[in-house]
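Read the structure below first, then the notes.
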Amino acid sequence: MTLSLVLSLLALALVRGTPILLAALGGVLSERAGIVNIALEGEMTAGAFAAALLSYFTRDPWIGAIGGVAVGAAVGFALGFAATRWRVDQIVAGMGINLICTGGAAFGLIYVFNQAGVTPQVPAINQALWPMVVLGIALAAALQWAIARTPIGLRLRACGENPHAARAAGIDPLAVRLYASAIAGGLAGLGGVFLALGELNLYSDGMIAGRGFIALAAVIFGRWTPIGAAGVALIFGLLEALQFALQGNIAWLPSDFLQALPYIAALLALLGASGRYRPPAAEGKPYP
Amino acid sequence: MNRESAKALAIGTLGVAAAMSLAMVASHVSPIVGFNAFFYGAFGGKQEIAETLASTTALLFPALGIAIAFRAGLFNIGAEGQLLIGGLLAGWIGTRIDVPPAIAIAAIFLAGAIGGALWGAIAGWLKAARDANEVISTLMLNFIAASLALYLVTGPLRAPDAAGPELSLLPHAYWLPTLLSHTRATIALPIALLAAFALRYVLDSTWFGYRLRAAGEAPEAARRAGISLPRVALWAMAWSGALAGMGGAALVAGELHRFNTQLSPGYGFIAIAVALVGGLEPLTICIAALAFGALESGGLALQAAAAVPKDAIHVIEGLLVFALAARRYLGARGAGAR
């Protein structure tokens with residue numbers, strides 16, 4: 001294998017890994033604040049669809065990008081609001097949000113564009129692909145520092161570990177959880193924007209293809225730390241890239257096995273790393 | 001049914017009706033015309049009722065399976081993969097045996113149950129032996145099941161007579177008898193209902209069901225009382241997968257009459273919503289499955305008759321699940337909330 005081949009493989013890994021990375025950072029943020037985020041998939045879908053829609057109508061991809069992030073954040077806000085004010089079962093609510101977002105995008109496609117499956121081509125920000133990759137990695141480092149070393153990070157963790165103690169210390173756990181969930185939605189929405197306007201120039205049904213759930217796996221494998229989750233997300237990206245690189249090059253390996261490579265690797269990783277995952281203590285538990 | 005659930009149900013129904021009207025108006029369809037098309041599509045005649053019952057059956061098996069896992073405190077989101085592997089084994093067995101039809105149909109369902117159980121047991125074993133998070137493992141197993149099935153039907157098991165990637169057709173004698181002639185409603189529905197009653201008995205009245213519920217509701221207390229949590233996890237996931245796999249067998253023997261990779265348009269995922277709306281109780285899950293089955297077939301009719309995209313139905317199902325999550329708040333503001 002030549003050096004240029006290795007480099008192009010790594011480049012592809014970064015591009016495939018970044019949307020997962022962005023959503024996983026959102027997942028870390030909301031789960032450290034105590035909100036289980038099973039809705040990352042729906043938030044990515046909403047972000048990607050809104051970005052393509054706005055870019056189509058305004059002909060300005062940057063408005064699309066900002067709109068995608070905003071819509072993702074709105075979905076995250078809805079989850080956070082239901083979780084804090086209505087004290088819903090967060091996993092059930094997250095499943096509901098996923099159904100609403102994927103169904104809503106499919107409905108919107110037909111309603112707005114009068115065609116099923118895919119939007120027309122829209123103005124994209126393909127030139128911003130690499131800046132977004134760098135932004136994702138920088139965000140991971142910044143969040144790692146912020147969560148571990150800053151007063152705001154301490155407050156966030158307090159709400160996820162022991163909201164009653166946080167309350168006693170003068171923190172409002174409901175507000176912290178609400179805002180963490182909204183920001184998480186925005187990050188997942190940015191992951192959707194990356195796919196719809198960064199890599200491609202359209203939205204199509206099923207384009208998120210389980211990446212929100214993979215991001216959730218990255219959060220858990222990364223032990224709820226931004227750097228850990230980002231690393232796992234990029235490993236998923238590398239496995240996806242490897243699958244492209246190996247496709248057709250190894251005759252005895254069926255291509256369907258290559259397609260399953262990232263998932264088989266994750267399953268094997270589960271085998272190897274038993275019992276080392278401890279979620280935030282108050283995660284998923286309504287407060288007060 | 002207590003007052004709280006009755007109130008939540010009423011609010012839910014009104015919410016669904018309102019959301020559907022909104023979707024119709026947004027699609028420039030009068031709600032009167034729209035609801036007429038919807039109800040006709042779901043219950044309007046023999047064919048329509050049969051379609052509703054077929055969707056009900058397809059959702060009921062995996063939803064019952066999901067309820068087993070959830071009651072044991074295991075978030076099994078792998079019903080889709082378990083259904084697929086069950087259907088694969090069922091479709092394979094069905095083309096390999098030569099026995100009287102009744103025995104063949106029993107063997108097909110058994111094969112489906114075994115396939116699903118094995119696939120579910122992988123996640124159960126990972127949980128039991130390595131304390132692996134079942135959300136990740138069942139999710140990954142969904143992707144792996146899809147790849148494995150595709151590999152097998154395009155490669156080693158591909159039917160010589162098949163046009164696409166699929167297994168051979170089952171012998172006509174092994175097709176499930178229909179409840180209503182010339183429709184998709186088959187005896188799989190009474191089998192699913194029987195399974196629901198059996199499950200209710202097992203959960204409520206047997207030692208296994210007791211251990212399962214204890215592990216789900218108070219794991220620490222269950223462990224101290226000598227219940228082996230790993231063992232419960234393994235068996236709960238195996239039984240959960242078995243029911244989903246029987247759903248796959250029902251689809252193979254009742255509808256497609258062969259296995260192909262397009263067996264399920266996401267029944268395993270919508271079944272999660274069905275199980276939750278049914279409150280994880282087998283008999284209420286039957287009612288929830290009927291409601292979702294009617295939404296599915298009525299939604300298709302709505303799309304055909306009134307050009308309201310079928311996907312609106314998934315938004316409505318999502319709203320239903322979301323409202324359900326908030327039922328404590330909607331049903332009884334503050335009072336008696338957990």
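Following the order of the structure tokens, chains are lettered A, B, ..., residues in each are numbered from 1, and ligands are numbered from 1.
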Chain A residues near chain B within 6 Å, closest pair each, using only C-alpha atoms, as JSON lines:
```
{"residue": "A:Trp86", "atom": "CA", "partner": "B:Tyr329", "partner_atom": "CA", "distance": 5.7}
{"residue": "A:Val88", "atom": "CA", "partner": "B:Ala326", "partner_atom": "CA", "distance": 4.8}
{"residue": "A:Asp89", "atom": "CA", "partner": "B:Ala325", "partner_atom": "CA", "distance": 5.4}
{"residue": "A:Val92", "atom": "CA", "partner": "B:Ala325", "partner_atom": "CA", "distance": 5.7}
{"residue": "A:Ala93", "atom": "CA", "partner": "B:Phe322", "partner_atom": "CA", "distance": 4.8}
{"residue": "A:Gly96", "atom": "CA", "partner": "B:Gly318", "partner_atom": "CA", "distance": 4.2}
{"residue": "A:Leu99", "atom": "CA", "partner": "B:Gly318", "partner_atom": "CA", "distance": 4.7}
{"residue": "A:Ile100", "atom": "CA", "partner": "B:Val315", "partner_atom": "CA", "distance": 4.2}
{"residue": "A:Gly103", "atom": "CA", "partner": "B:Val315", "partner_atom": "CA", "distance": 5.0}
{"residue": "A:Gly104", "atom": "CA", "partner": "B:Val315", "partner_atom": "CA", "distance": 5.8}
{"residue": "A:Ala106", "atom": "CA", "partner": "B:Asp311", "partner_atom": "CA", "distance": 6.0}
{"residue": "A:Phe107", "atom": "CA", "partner": "B:Asp311", "partner_atom": "CA", "distance": 5.2}
{"residue": "A:Ala217", "atom": "CA", "partner": "B:Ile136", "partner_atom": "CA", "distance": 5.7}
{"residue": "A:Asp256", "atom": "CA", "partner": "B:Ser147", "partner_atom": "CA", "distance": 5.3}
{"residue": "A:Ala260", "atom": "CA", "partner": "B:Ile144", "partner_atom": "CA", "distance": 5.4}
{"residue": "A:Tyr263", "atom": "CA", "partner": "B:Met140", "partner_atom": "CA", "distance": 5.1}
{"residue": "A:Leu270", "atom": "CA", "partner": "B:Ala132", "partner_atom": "CA", "distance": 5.7}
{"residue": "A:Ser274", "atom": "CA", "partner": "B:Arg130", "partner_atom": "CA", "distance": 4.7}
{"residue": "A:Gly275", "atom": "CA", "partner": "B:Asp131", "partner_atom": "CA", "distance": 5.4}
```
Might you pull out every residue within 6 Å of segment 189-191 of chain A, with only C-alpha atoms counted and same-chain residues fewer than 4 positions away left off, and present them as a compact mmCIF listing (two decimals) with N, CA and C atoms, in the first residue's frame?
```
# COMPACT_ATOMS: atom_id res chain seq x y z
N PRO A 19 -19.74 13.46 10.57
CA PRO A 19 -21.15 13.60 11.00
C PRO A 19 -21.47 12.78 12.25
N LEU A 22 -19.98 14.71 15.24
CA LEU A 22 -20.76 15.88 15.67
C LEU A 22 -21.96 15.45 16.50
N ALA A 23 -22.68 14.44 16.00
CA ALA A 23 -23.86 13.97 16.75
C ALA A 23 -23.44 13.36 18.08
N GLU A 43 -32.82 14.05 15.16
CA GLU A 43 -32.26 15.41 15.10
C GLU A 43 -31.38 15.58 13.87
N MET A 44 -30.60 14.56 13.53
CA MET A 44 -29.78 14.63 12.31
C MET A 44 -30.66 14.72 11.07
N GLY A 47 -32.20 18.15 10.84
CA GLY A 47 -31.19 19.12 10.43
C GLY A 47 -30.88 19.02 8.94
N GLY A 68 -30.46 24.45 9.42
CA GLY A 68 -30.38 23.04 9.81
C GLY A 68 -29.98 22.88 11.26
N VAL A 69 -28.98 23.67 11.66
CA VAL A 69 -28.54 23.62 13.06
C VAL A 69 -29.67 24.08 13.97
N GLY A 72 -32.38 21.41 14.26
CA GLY A 72 -31.88 20.35 15.14
C GLY A 72 -31.98 20.77 16.60
N GLY A 185 -29.02 18.92 20.26
CA GLY A 185 -29.78 18.85 19.02
C GLY A 185 -29.13 19.67 17.92
```
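Atom CA of Ala50 of chain A is positioned 26.7 Å from atom CA of Ala33 of chain A.
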- Item | Surrounding residues of Phe38 of chain B excluding itself and chain neighbours under 4 positions, 10 Å, only C-alpha atoms, as number ranges by chain | B: 20, 31-34, 42-44, 294-306
Would you mind exporting the chosen residues as a JSON list (two decimals), in the first residue's frame, restricted to N, CA and C atoms?
```json
[["chain", "number", "residue", "atom", "x", "y", "z"],
["B", 20, "MET", "N", -54.14, 14.34, 11.98],
["B", 20, "MET", "CA", -54.50, 13.83, 10.65],
["B", 20, "MET", "C", -55.23, 14.89, 9.84],
["B", 31, "PRO", "N", -60.95, 17.30, 5.16],
["B", 31, "PRO", "CA", -60.89, 16.23, 6.16],
["B", 31, "PRO", "C", -62.04, 15.23, 6.05],
["B", 32, "ILE", "N", -63.21, 15.69, 5.58],
["B", 32, "ILE", "CA", -64.34, 14.75, 5.46],
["B", 32, "ILE", "C", -64.00, 13.69, 4.41],
["B", 33, "VAL", "N", -63.52, 14.16, 3.26],
["B", 33, "VAL", "CA", -63.11, 13.23, 2.21],
["B", 33, "VAL", "C", -61.97, 12.35, 2.71],
["B", 34, "GLY", "N", -61.02, 12.98, 3.40],
["B", 34, "GLY", "CA", -59.84, 12.26, 3.86],
["B", 34, "GLY", "C", -60.18, 11.17, 4.85],
["B", 42, "ALA", "N", -59.29, 1.26, 5.95],
["B", 42, "ALA", "CA", -58.96, 0.41, 7.09],
["B", 42, "ALA", "C", -60.03, -0.64, 7.36],
["B", 43, "PHE", "N", -61.31, -0.27, 7.19],
["B", 43, "PHE", "CA", -62.39, -1.18, 7.60],
["B", 43, "PHE", "C", -63.51, -1.31, 6.57],
["B", 44, "GLY", "N", -63.36, -0.70, 5.37],
["B", 44, "GLY", "CA", -64.49, -0.53, 4.47],
["B", 44, "GLY", "C", -65.05, -1.79, 3.83],
["B", 294, "ALA", "N", -54.54, -0.56, 11.55],
["B", 294, "ALA", "CA", -55.53, 0.26, 10.85],
["B", 294, "ALA", "C", -54.89, 1.53, 10.32],
["B", 295, "LEU", "N", -53.98, 2.14, 11.13],
["B", 295, "LEU", "CA", -53.29, 3.34, 10.66],
["B", 295, "LEU", "C", -52.49, 3.04, 9.39],
["B", 296, "GLU", "N", -51.80, 1.87, 9.39],
["B", 296, "GLU", "CA", -50.98, 1.52, 8.22],
["B", 296, "GLU", "C", -51.83, 1.33, 6.96],
["B", 297, "SER", "N", -52.90, 0.50, 7.08],
["B", 297, "SER", "CA", -53.67, 0.22, 5.86],
["B", 297, "SER", "C", -54.54, 1.42, 5.49],
["B", 298, "GLY", "N", -55.10, 2.12, 6.49],
["B", 298, "GLY", "CA", -55.86, 3.33, 6.20],
["B", 298, "GLY", "C", -54.97, 4.40, 5.60],
["B", 299, "GLY", "N", -53.72, 4.47, 6.08],
["B", 299, "GLY", "CA", -52.79, 5.46, 5.56],
["B", 299, "GLY", "C", -52.47, 5.22, 4.10],
["B", 300, "LEU", "N", -52.32, 3.94, 3.74],
["B", 300, "LEU", "CA", -52.08, 3.60, 2.32],
["B", 300, "LEU", "C", -53.25, 4.01, 1.45],
["B", 301, "ALA", "N", -54.47, 3.74, 1.96],
["B", 301, "ALA", "CA", -55.67, 4.11, 1.20],
["B", 301, "ALA", "C", -55.77, 5.62, 1.05],
["B", 302, "LEU", "N", -55.41, 6.31, 2.13],
["B", 302, "LEU", "CA", -55.44, 7.77, 2.11],
["B", 302, "LEU", "C", -54.51, 8.30, 1.03],
["B", 303, "GLN", "N", -53.34, 7.67, 0.92],
["B", 303, "GLN", "CA", -52.37, 8.09, -0.08],
["B", 303, "GLN", "C", -52.93, 7.85, -1.49],
["B", 304, "ALA", "N", -53.56, 6.68, -1.67],
["B", 304, "ALA", "CA", -54.08, 6.34, -2.99],
["B", 304, "ALA", "C", -55.27, 7.22, -3.35],
["B", 305, "ALA", "N", -56.18, 7.44, -2.39],
["B", 305, "ALA", "CA", -57.44, 8.11, -2.71],
["B", 305, "ALA", "C", -57.32, 9.63, -2.64],
["B", 306, "ALA", "N", -56.54, 10.12, -1.70],
["B", 306, "ALA", "CA", -56.57, 11.56, -1.46],
["B", 306, "ALA", "C", -55.21, 12.21, -1.58]]
```
- Message: Just to confirm, what's the straight-line distance from atom CA of Gly241 of chain B to atom CA of Arg213 of chain B in Å (one decimal)?
- Response: 17.5 Å
- Message: When you look at Leu74 of chain B with a cut-off of 10 Å (counting only C-alpha atoms), what residues show up, excluding the ones that are within fewer than 3 positions of it in the same chain? I need them as number ranges by chain.
- Response: B: 66-71, 77, 124, 127, 133-135, 215-216, 233, 236-237
- Measure the distance from atom CA of Ser30 of chain B to atom CA of Ala50 of chain B in Å and round it to one decimal.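 Going from atom CA of Ser30 of chain B over to atom CA of Ala50 of chain B, I get 26.6 Å.
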Env of Ser240 of chain B: 10 Å cut, atoms = only C-alpha atoms, seq-sep filter 2 positions within chain, self excluded. Answer as a short mmCIF file (atom, residue, chain, number, x, y, z; two decimals) with all heavy atoms, in the first residue's frame.
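Everything below was put into around-v3.cif:
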```
data_model
loop_
_atom_site.label_atom_id
_atom_site.label_comp_id
_atom_site.auth_asym_id
_atom_site.auth_seq_id
_atom_site.Cartn_x
_atom_site.Cartn_y
_atom_site.Cartn_z
N PHE B 61 -46.53 -9.83 16.50
CA PHE B 61 -45.47 -10.76 16.93
C PHE B 61 -44.24 -10.00 17.48
O PHE B 61 -43.84 -10.24 18.63
CB PHE B 61 -45.05 -11.66 15.77
CG PHE B 61 -45.94 -12.86 15.55
CD1 PHE B 61 -46.71 -12.98 14.41
CD2 PHE B 61 -45.98 -13.88 16.49
CE1 PHE B 61 -47.51 -14.09 14.20
CE2 PHE B 61 -46.78 -15.00 16.29
CZ PHE B 61 -47.55 -15.10 15.14
N PRO B 62 -43.62 -9.10 16.68
CA PRO B 62 -42.45 -8.42 17.24
C PRO B 62 -42.77 -7.56 18.45
O PRO B 62 -41.94 -7.45 19.36
CB PRO B 62 -41.93 -7.57 16.07
CG PRO B 62 -43.02 -7.54 15.07
CD PRO B 62 -43.85 -8.75 15.27
N ALA B 63 -43.98 -6.96 18.50
CA ALA B 63 -44.32 -6.12 19.65
C ALA B 63 -44.38 -6.95 20.93
O ALA B 63 -43.93 -6.51 21.99
CB ALA B 63 -45.66 -5.41 19.40
N LEU B 64 -44.93 -8.17 20.83
CA LEU B 64 -44.97 -9.05 22.01
C LEU B 64 -43.55 -9.40 22.44
O LEU B 64 -43.22 -9.42 23.64
CB LEU B 64 -45.75 -10.33 21.70
CG LEU B 64 -47.27 -10.17 21.49
CD1 LEU B 64 -47.87 -11.46 20.97
CD2 LEU B 64 -47.94 -9.74 22.78
N GLY B 65 -42.69 -9.67 21.46
CA GLY B 65 -41.29 -9.98 21.77
C GLY B 65 -40.61 -8.81 22.47
O GLY B 65 -39.92 -8.99 23.49
N ILE B 66 -40.83 -7.61 21.93
CA ILE B 66 -40.21 -6.43 22.52
C ILE B 66 -40.68 -6.24 23.96
O ILE B 66 -39.90 -5.89 24.85
CB ILE B 66 -40.54 -5.19 21.65
CG1 ILE B 66 -39.71 -5.25 20.37
CG2 ILE B 66 -40.27 -3.91 22.40
CD1 ILE B 66 -40.25 -4.40 19.25
N ALA B 67 -41.97 -6.55 24.21
CA ALA B 67 -42.50 -6.40 25.56
C ALA B 67 -41.76 -7.30 26.55
O ALA B 67 -41.48 -6.90 27.68
CB ALA B 67 -44.00 -6.71 25.58
N ILE B 68 -41.42 -8.53 26.13
CA ILE B 68 -40.70 -9.43 27.03
C ILE B 68 -39.38 -8.80 27.46
O ILE B 68 -39.05 -8.73 28.65
CB ILE B 68 -40.40 -10.78 26.33
CG1 ILE B 68 -41.70 -11.48 25.96
CG2 ILE B 68 -39.56 -11.67 27.23
CD1 ILE B 68 -41.48 -12.80 25.23
N ALA B 69 -38.62 -8.30 26.47
CA ALA B 69 -37.32 -7.72 26.78
C ALA B 69 -37.47 -6.48 27.66
O ALA B 69 -36.77 -6.32 28.65
CB ALA B 69 -36.57 -7.39 25.49
N PHE B 70 -38.42 -5.61 27.28
CA PHE B 70 -38.58 -4.37 28.03
C PHE B 70 -39.00 -4.65 29.47
O PHE B 70 -38.57 -3.98 30.40
CB PHE B 70 -39.63 -3.46 27.35
CG PHE B 70 -39.09 -2.66 26.20
CD1 PHE B 70 -38.06 -3.16 25.40
CD2 PHE B 70 -39.60 -1.40 25.90
CE1 PHE B 70 -37.57 -2.42 24.33
CE2 PHE B 70 -39.10 -0.65 24.83
CZ PHE B 70 -38.10 -1.16 24.05
N ASN B 76 -34.41 -3.78 23.95
CA ASN B 76 -34.16 -4.53 22.72
C ASN B 76 -34.68 -3.75 21.52
O ASN B 76 -35.89 -3.70 21.29
CB ASN B 76 -34.85 -5.89 22.81
CG ASN B 76 -34.78 -6.68 21.51
OD1 ASN B 76 -33.97 -6.38 20.63
ND2 ASN B 76 -35.63 -7.68 21.39
N GLY B 78 -33.64 -4.61 18.55
CA GLY B 78 -33.18 -5.48 17.47
C GLY B 78 -34.25 -6.38 16.90
O GLY B 78 -33.94 -7.35 16.21
N ALA B 79 -35.54 -6.06 17.13
CA ALA B 79 -36.60 -6.94 16.63
C ALA B 79 -36.54 -7.07 15.11
O ALA B 79 -36.82 -8.14 14.56
CB ALA B 79 -37.97 -6.42 17.06
N GLN B 82 -34.00 -9.71 14.28
CA GLN B 82 -34.47 -11.01 14.74
C GLN B 82 -35.58 -11.53 13.83
O GLN B 82 -35.63 -12.72 13.50
CB GLN B 82 -34.96 -10.88 16.20
CG GLN B 82 -33.81 -10.60 17.17
CD GLN B 82 -34.22 -9.72 18.34
OE1 GLN B 82 -35.40 -9.52 18.62
NE2 GLN B 82 -33.23 -9.18 19.04
N ALA B 113 -38.98 -19.15 15.02
CA ALA B 113 -38.74 -18.88 16.44
C ALA B 113 -37.28 -19.16 16.80
O ALA B 113 -36.64 -18.39 17.52
CB ALA B 113 -39.68 -19.71 17.31
N GLY B 116 -34.94 -16.44 15.24
CA GLY B 116 -35.03 -15.19 15.99
C GLY B 116 -34.43 -15.32 17.37
O GLY B 116 -33.76 -14.41 17.87
N ALA B 117 -34.67 -16.48 18.01
CA ALA B 117 -34.15 -16.69 19.37
C ALA B 117 -32.63 -16.69 19.38
O ALA B 117 -32.00 -16.09 20.25
CB ALA B 117 -34.69 -18.00 19.94
N TRP B 119 -30.65 -15.22 17.24
CA TRP B 119 -30.16 -13.86 16.97
C TRP B 119 -30.32 -12.99 18.21
O TRP B 119 -29.44 -12.18 18.55
CB TRP B 119 -30.88 -13.27 15.77
CG TRP B 119 -30.06 -12.24 15.04
CD1 TRP B 119 -30.30 -10.91 14.99
CD2 TRP B 119 -28.86 -12.48 14.29
NE1 TRP B 119 -29.32 -10.29 14.24
CE2 TRP B 119 -28.43 -11.23 13.81
CE3 TRP B 119 -28.10 -13.62 14.00
CZ2 TRP B 119 -27.28 -11.09 13.04
CZ3 TRP B 119 -26.96 -13.48 13.23
CH2 TRP B 119 -26.56 -12.22 12.76
N GLY B 120 -31.47 -13.13 18.90
CA GLY B 120 -31.67 -12.37 20.13
C GLY B 120 -30.72 -12.81 21.23
O GLY B 120 -30.23 -12.00 22.02
N ALA B 121 -30.44 -14.12 21.25
CA ALA B 121 -29.59 -14.66 22.32
C ALA B 121 -28.15 -14.16 22.21
O ALA B 121 -27.44 -14.13 23.21
CB ALA B 121 -29.62 -16.19 22.30
N GLY B 124 -28.32 -11.25 24.20
CA GLY B 124 -28.54 -11.68 25.57
C GLY B 124 -27.28 -12.24 26.20
O GLY B 124 -26.95 -11.94 27.34
N LEU B 234 -30.27 -13.48 29.34
CA LEU B 234 -30.10 -14.40 28.22
C LEU B 234 -31.44 -14.94 27.75
O LEU B 234 -31.78 -14.89 26.56
CB LEU B 234 -29.18 -15.55 28.63
CG LEU B 234 -28.92 -16.60 27.56
CD1 LEU B 234 -28.20 -15.98 26.38
CD2 LEU B 234 -28.08 -17.75 28.12
N TRP B 235 -32.25 -15.43 28.69
CA TRP B 235 -33.52 -16.05 28.29
C TRP B 235 -34.54 -15.03 27.83
O TRP B 235 -35.32 -15.30 26.91
CB TRP B 235 -34.07 -16.91 29.43
CG TRP B 235 -33.31 -18.19 29.52
CD1 TRP B 235 -32.37 -18.52 30.45
CD2 TRP B 235 -33.39 -19.29 28.59
NE1 TRP B 235 -31.85 -19.76 30.16
CE2 TRP B 235 -32.45 -20.26 29.05
CE3 TRP B 235 -34.13 -19.55 27.45
CZ2 TRP B 235 -32.26 -21.47 28.38
CZ3 TRP B 235 -33.94 -20.75 26.79
CH2 TRP B 235 -33.01 -21.70 27.25
N ALA B 236 -34.55 -13.88 28.46
CA ALA B 236 -35.50 -12.85 28.02
C ALA B 236 -35.20 -12.44 26.58
O ALA B 236 -36.10 -12.30 25.75
CB ALA B 236 -35.43 -11.63 28.94
N MET B 237 -33.92 -12.27 26.25
CA MET B 237 -33.57 -11.88 24.88
C MET B 237 -33.87 -13.01 23.90
O MET B 237 -34.30 -12.76 22.77
CB MET B 237 -32.09 -11.48 24.79
CG MET B 237 -31.78 -10.08 25.28
SD MET B 237 -32.74 -8.79 24.49
CE MET B 237 -32.25 -8.99 22.80
N ALA B 238 -33.66 -14.26 24.32
CA ALA B 238 -33.95 -15.38 23.43
C ALA B 238 -35.45 -15.46 23.13
O ALA B 238 -35.86 -15.59 21.98
CB ALA B 238 -33.45 -16.68 24.04
N ALA B 242 -37.43 -14.91 19.73
CA ALA B 242 -38.26 -16.00 19.21
C ALA B 242 -39.59 -15.46 18.68
O ALA B 242 -40.04 -15.85 17.59
CB ALA B 242 -38.51 -17.04 20.30
N LEU B 243 -40.21 -14.54 19.43
CA LEU B 243 -41.50 -14.00 18.98
C LEU B 243 -41.32 -13.15 17.72
O LEU B 243 -42.12 -13.24 16.78
CB LEU B 243 -42.16 -13.20 20.10
CG LEU B 243 -42.95 -14.12 21.04
CD1 LEU B 243 -43.19 -13.46 22.38
CD2 LEU B 243 -44.28 -14.51 20.40
N ALA B 244 -40.26 -12.33 17.70
CA ALA B 244 -40.00 -11.54 16.49
C ALA B 244 -39.76 -12.47 15.31
O ALA B 244 -40.25 -12.23 14.19
CB ALA B 244 -38.81 -10.61 16.71
N GLY B 245 -39.02 -13.55 15.55
CA GLY B 245 -38.73 -14.51 14.47
C GLY B 245 -39.99 -15.20 13.97
O GLY B 245 -40.12 -15.48 12.77
#
```
- Item | Shell of 12 Å around Ala73 of chain A, only C-alpha atoms, local chain residues under 3 positions omitted, as a PyMOL selection string | chain A and resi 23+26+30+39-40+42-44+46-47+50+66-70+76-81+178-192
Quick one: write out the picked residues with C-alpha atoms as a PDB file, in the first residue's frame?
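Just written: part-v3.pdb:
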```pdb
ATOM      1  CA  ALA A  23     -23.857  13.969  16.746  1.00  0.00           C
ATOM      2  CA  GLY A  26     -24.221  16.304  21.234  1.00  0.00           C
ATOM      3  CA  SER A  30     -27.011  15.873  26.882  1.00  0.00           C
ATOM      4  CA  ALA A  39     -33.275  11.051  19.404  1.00  0.00           C
ATOM      5  CA  LEU A  40     -29.930  11.871  17.729  1.00  0.00           C
ATOM      6  CA  GLY A  42     -34.213  12.237  14.355  1.00  0.00           C
ATOM      7  CA  GLU A  43     -32.261  15.408  15.103  1.00  0.00           C
ATOM      8  CA  MET A  44     -29.782  14.632  12.311  1.00  0.00           C
ATOM      9  CA  ALA A  46     -34.432  17.149  10.825  1.00  0.00           C
ATOM     10  CA  GLY A  47     -31.190  19.119  10.429  1.00  0.00           C
ATOM     11  CA  ALA A  50     -34.263  21.622   6.926  1.00  0.00           C
ATOM     12  CA  ILE A  66     -27.705  27.761   9.950  1.00  0.00           C
ATOM     13  CA  GLY A  67     -31.331  26.715   9.584  1.00  0.00           C
ATOM     14  CA  GLY A  68     -30.384  23.035   9.809  1.00  0.00           C
ATOM     15  CA  VAL A  69     -28.537  23.623  13.055  1.00  0.00           C
ATOM     16  CA  ALA A  70     -31.442  25.696  14.394  1.00  0.00           C
ATOM     17  CA  GLY A  76     -33.431  18.930  21.034  1.00  0.00           C
ATOM     18  CA  PHE A  77     -35.253  21.683  22.900  1.00  0.00           C
ATOM     19  CA  ALA A  78     -38.545  19.812  22.482  1.00  0.00           C
ATOM     20  CA  LEU A  79     -36.994  16.647  23.919  1.00  0.00           C
ATOM     21  CA  GLY A  80     -35.424  18.635  26.751  1.00  0.00           C
ATOM     22  CA  PHE A  81     -38.669  20.469  27.469  1.00  0.00           C
ATOM     23  CA  LEU A 178     -32.983  21.895  28.797  1.00  0.00           C
ATOM     24  CA  TYR A 179     -30.138  23.931  27.311  1.00  0.00           C
ATOM     25  CA  ALA A 180     -27.799  20.934  27.103  1.00  0.00           C
ATOM     26  CA  SER A 181     -30.456  19.030  25.168  1.00  0.00           C
ATOM     27  CA  ALA A 182     -31.013  21.972  22.805  1.00  0.00           C
ATOM     28  CA  ILE A 183     -27.280  22.385  22.124  1.00  0.00           C
ATOM     29  CA  ALA A 184     -27.021  18.621  21.610  1.00  0.00           C
ATOM     30  CA  GLY A 185     -29.783  18.848  19.017  1.00  0.00           C
ATOM     31  CA  GLY A 186     -27.921  21.678  17.300  1.00  0.00           C
ATOM     32  CA  LEU A 187     -24.741  19.571  17.101  1.00  0.00           C
ATOM     33  CA  ALA A 188     -26.664  16.594  15.709  1.00  0.00           C
ATOM     34  CA  GLY A 189     -28.350  18.996  13.273  1.00  0.00           C
ATOM     35  CA  LEU A 190     -24.875  20.164  12.178  1.00  0.00           C
ATOM     36  CA  GLY A 191     -24.044  16.517  11.524  1.00  0.00           C
ATOM     37  CA  GLY A 192     -27.091  16.405   9.243  1.00  0.00           C
TER      38      GLY A 192
END
```
- Item | For Leu216 of chain A, the nearest of the candidates A:Leu12, A:Ala24, A:Asp60, A:Leu3, counting only C-alpha atoms |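 Looking only at the distances to Leu216 of chain A, the closest residue turns out to be A:Ala24.
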- Task: Pick out the residues sitting within 6 Å of Ile108 of chain B, and hand them over as a list in words; count only C-alpha atoms, and ignore anything fewer than 2 positions along from it in its own chain.
- Result: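 Residues meeting the cut-off are Ala90, Gly94, Ile105, Ala106, Leu110 and Ala111 of chain B.
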- Query: Running DSSP on the backbone, which parts of segment 27-182 of chain B land in alpha helix (DSSP H), as a ChimeraX atom specification?
  - Reply: /B:31-43,46-71,79-96,101-130,134-154
